[in-house]
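K.L.:
Just dropping this structure here.
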Amino acid sequence: MVEDGGEEEAEGESGEVPAAPLQQQQQQRCNGFLPGKEAAGGGQRAAPAAEEMLAAGGERREARLETRLSRRRLAVLAVFSCYSLVNAFQWIQYSILSNVFAGFYGVSFTQIDWLSMVYMVAYVPLILPATWLLDARGLRLTALLGAGLNALGAWLKCGSLAPQRYPLTLAAQAVCAVAQVFILGLPSRIASVWFGPTEVSTACAVAVLGNQLGTAIGFLLPPVLVPNTPNDIDLMAHNISIMFYGTAIVSTLLFFLAGVVFEEKPKYPPSHSQAVLQTKPPEDYSYKQSIINLFRNIPFILLLISYGIMTGAFYSVSTLLNQMIVTHYEGEEVNAGRIGLTLVVAGMVGSIICGLWLDYTKTYKQTTLIVYILSFIGLLVFTFTLDLGYLIVVFVTGGVLGFFMTGYLPLGFEFAVEITYPESEGTSSGLLNASAQIFGIIFTLVQGKLTTDYSPRAGNIFLCAWIFVGIILTALIKSDLRRHNVNSGIMNLDVKAVPVDSPVEPESTTLKIQSAL
């Protein structure tokens, strides 16, 4: 592959496909694709997308699939990562200052926790409409909605700079939570649509990294900008205004940058898997059928649950970190933020290393399982060393926990894309995030209650038990790397898309794509 505008010619690819009888083609359905006009005429089943390259009557022909890499892909990735960063910063900026905002607004810690949990609550009912919009209206519109709502929520917060305006700051945070729905599902879509097969996992990791970096800055910056001054509410309001207005200005600039940089897709597909998908007319795609096929995919269901457990546990630990630290180390709000920063920065390093490792080895299941097990061990160590009285120990154990727990996030996205290809990346990652939000709400409420009524150790042990369940589920996932098989030159089209009217799976057909010499 070469860059657009480069001096070398783009690599040409040819597709060689075995012929199949027309009747057999009509008896097959391929993930989310319907046979267009034939769908209204008695439920005939669609041939897989790749089989439409066949000539009528079983004759063979070659289809040239040209792939190139676009230089714009780096700008798209950078802008997305930046506004995803701001959205994550707005998610955690209240929780890391829970005692400060509880005093400022005169509300309980639970009400402050809801400023974080509103992100999770908003995501669950809106994810299906958001993924439909991504599939039906495209990447550019979805990206602009995410960036625009992010800026709108930030400006609304600027009007909540008074102790009696908690309802307004909650409403503003809810707008940011809606923006998140149009952000979290994009990393795998951007990586697949814009990046080649040798860099797709790294690109996804970098896109997720932006969100993690926002969480890291959210742990570090708010305690510095807004010190706890309970005896001077006016000074506290002034400090909060600096944080709110700065966030609003940055998010607005990023919204305009997104409008300039984002395009629907590059001129040429970056990989064979994208080239194959682009041979299918958009009108032949069924979002409903795609959802049905995903929920019939047993490996994906196992990943859906295990991803939700791990990511929900991370959300819960992030939300309650300030309370856990202050319980054992009174007056250490700033160090609580620094520990959160350590946790997330270590996770960013883990994300990049895991992304590079996947691009090099393609060992998706093995890597995911190992990281899951190490996250379990890290949380156990963190749990039983938290109350030793040494903050340096908490820094170290928090960093180890973050390296594996946060580093798991892009692994789940990429593994899902592999085992569900050719389904939409936005749909699969959107469902993963919905699962994470549901588990995050449950875990935050239960762990928060255990932490308040008993101790942080009780809440963390609760999370450890669930992560152990996630290890078992991950071990049961069958690793069927469909996208990798296409990019390697062999695609198994038996994608277990069982027709609605029959429990019998169609026979598999093999598509071989050979590089032109």
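Every chain in the structure tokens has a letter given in the order shown (A, B, ...), and although residue numbers restart at 1 in each chain, ligands are simply numbered from 1 in the order shown.
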Produce a table with one row for each residue of range 279-327 of chain A that has an atom at most 8 Å from any atom of range 417-441 of chain A, each row naming the nearest atom pair and its distance in Å at one decimal; use only C-alpha atoms; arrange rows by chain and rising residue number; format as JSON lines.

P.N.:
{"residue": "A:Ser290", "atom": "CA", "partner": "A:Glu423", "partner_atom": "CA", "distance": 6.4}
{"residue": "A:Ile291", "atom": "CA", "partner": "A:Thr427", "partner_atom": "CA", "distance": 7.7}
{"residue": "A:Leu294", "atom": "CA", "partner": "A:Thr420", "partner_atom": "CA", "distance": 7.0}
{"residue": "A:Asn297", "atom": "CA", "partner": "A:Thr420", "partner_atom": "CA", "distance": 7.6}
{"residue": "A:Pro299", "atom": "CA", "partner": "A:Ile419", "partner_atom": "CA", "distance": 7.3}
{"residue": "A:Phe300", "atom": "CA", "partner": "A:Ile419", "partner_atom": "CA", "distance": 6.9}
{"residue": "A:Leu304", "atom": "CA", "partner": "A:Leu432", "partner_atom": "CA", "distance": 5.4}
{"residue": "A:Ile305", "atom": "CA", "partner": "A:Ser435", "partner_atom": "CA", "distance": 6.7}
{"residue": "A:Tyr307", "atom": "CA", "partner": "A:Leu432", "partner_atom": "CA", "distance": 6.6}
{"residue": "A:Gly308", "atom": "CA", "partner": "A:Ala436", "partner_atom": "CA", "distance": 3.8}
{"residue": "A:Ile309", "atom": "CA", "partner": "A:Phe439", "partner_atom": "CA", "distance": 6.0}
{"residue": "A:Met310", "atom": "CA", "partner": "A:Ala436", "partner_atom": "CA", "distance": 7.7}
{"residue": "A:Thr311", "atom": "CA", "partner": "A:Ala436", "partner_atom": "CA", "distance": 5.4}
{"residue": "A:Gly312", "atom": "CA", "partner": "A:Gly440", "partner_atom": "CA", "distance": 3.7}
{"residue": "A:Ala313", "atom": "CA", "partner": "A:Gly440", "partner_atom": "CA", "distance": 6.3}
{"residue": "A:Phe314", "atom": "CA", "partner": "A:Gly440", "partner_atom": "CA", "distance": 7.8}
{"residue": "A:Tyr315", "atom": "CA", "partner": "A:Gly440", "partner_atom": "CA", "distance": 5.7}
{"residue": "A:Ser316", "atom": "CA", "partner": "A:Gly440", "partner_atom": "CA", "distance": 5.9}

K.L.:
Those same residues, written as a PDB file, in the first residue's frame with C-alpha atoms?

P.N.:
ATOM      1  CA  SER A 290     -27.304  -6.966  11.478  1.00  0.00           C
ATOM      2  CA  ILE A 291     -28.465  -6.670  15.109  1.00  0.00           C
ATOM      3  CA  LEU A 294     -24.855 -10.175  16.241  1.00  0.00           C
ATOM      4  CA  ASN A 297     -23.144 -14.926  17.351  1.00  0.00           C
ATOM      5  CA  PRO A 299     -18.611 -15.747  20.720  1.00  0.00           C
ATOM      6  CA  PHE A 300     -19.762 -12.135  20.449  1.00  0.00           C
ATOM      7  CA  LEU A 304     -20.260  -8.647  25.170  1.00  0.00           C
ATOM      8  CA  ILE A 305     -20.670  -9.798  28.768  1.00  0.00           C
ATOM      9  CA  TYR A 307     -16.190  -6.677  28.088  1.00  0.00           C
ATOM     10  CA  GLY A 308     -19.041  -5.137  30.066  1.00  0.00           C
ATOM     11  CA  ILE A 309     -17.710  -6.610  33.309  1.00  0.00           C
ATOM     12  CA  MET A 310     -14.156  -5.365  32.825  1.00  0.00           C
ATOM     13  CA  THR A 311     -15.012  -1.902  31.531  1.00  0.00           C
ATOM     14  CA  GLY A 312     -17.843  -1.453  34.034  1.00  0.00           C
ATOM     15  CA  ALA A 313     -15.373  -2.255  36.819  1.00  0.00           C
ATOM     16  CA  PHE A 314     -13.001   0.393  35.448  1.00  0.00           C
ATOM     17  CA  TYR A 315     -15.812   2.980  35.379  1.00  0.00           C
ATOM     18  CA  SER A 316     -16.722   2.132  38.970  1.00  0.00           C
TER      19      SER A 316
END

K.L.:
I want to know what sits within 9 Å of range 229-245 of chain A, based on only C-alpha atoms, with residues of the same chain fewer than 5 positions away left out; could you give that as a PyMOL selection string?

P.N.:
chain A and resi 100+103-104+154-155+157-158+161-163+221-222+250

K.L.:
Of the residues A:Tyr119, A:Tyr166, A:Trp466, A:Phe219, which is the one nearest to Leu97 in chain A, using only C-alpha atoms?

P.N.:
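The shortest atom-to-atom distance to Leu97 in chain A comes from A:Phe219.
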
K.L.:
Which of these residues is nearest to Leu69 in chain A, using only C-alpha atoms: A:Thr452, A:Thr198, A:Thr131, A:Thr319?

P.N.:
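Distance minimum relative to Leu69 in chain A lands on A:Thr198.
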
K.L.:
Give me every alpha helix (DSSP H) residue in range 329-436 of chain A, going by DSSP on the backbone, as a VMD selection string.

P.N.:
chain A and resid 333 to 361 364 to 385 391 to 405 408 to 420 425 to 436
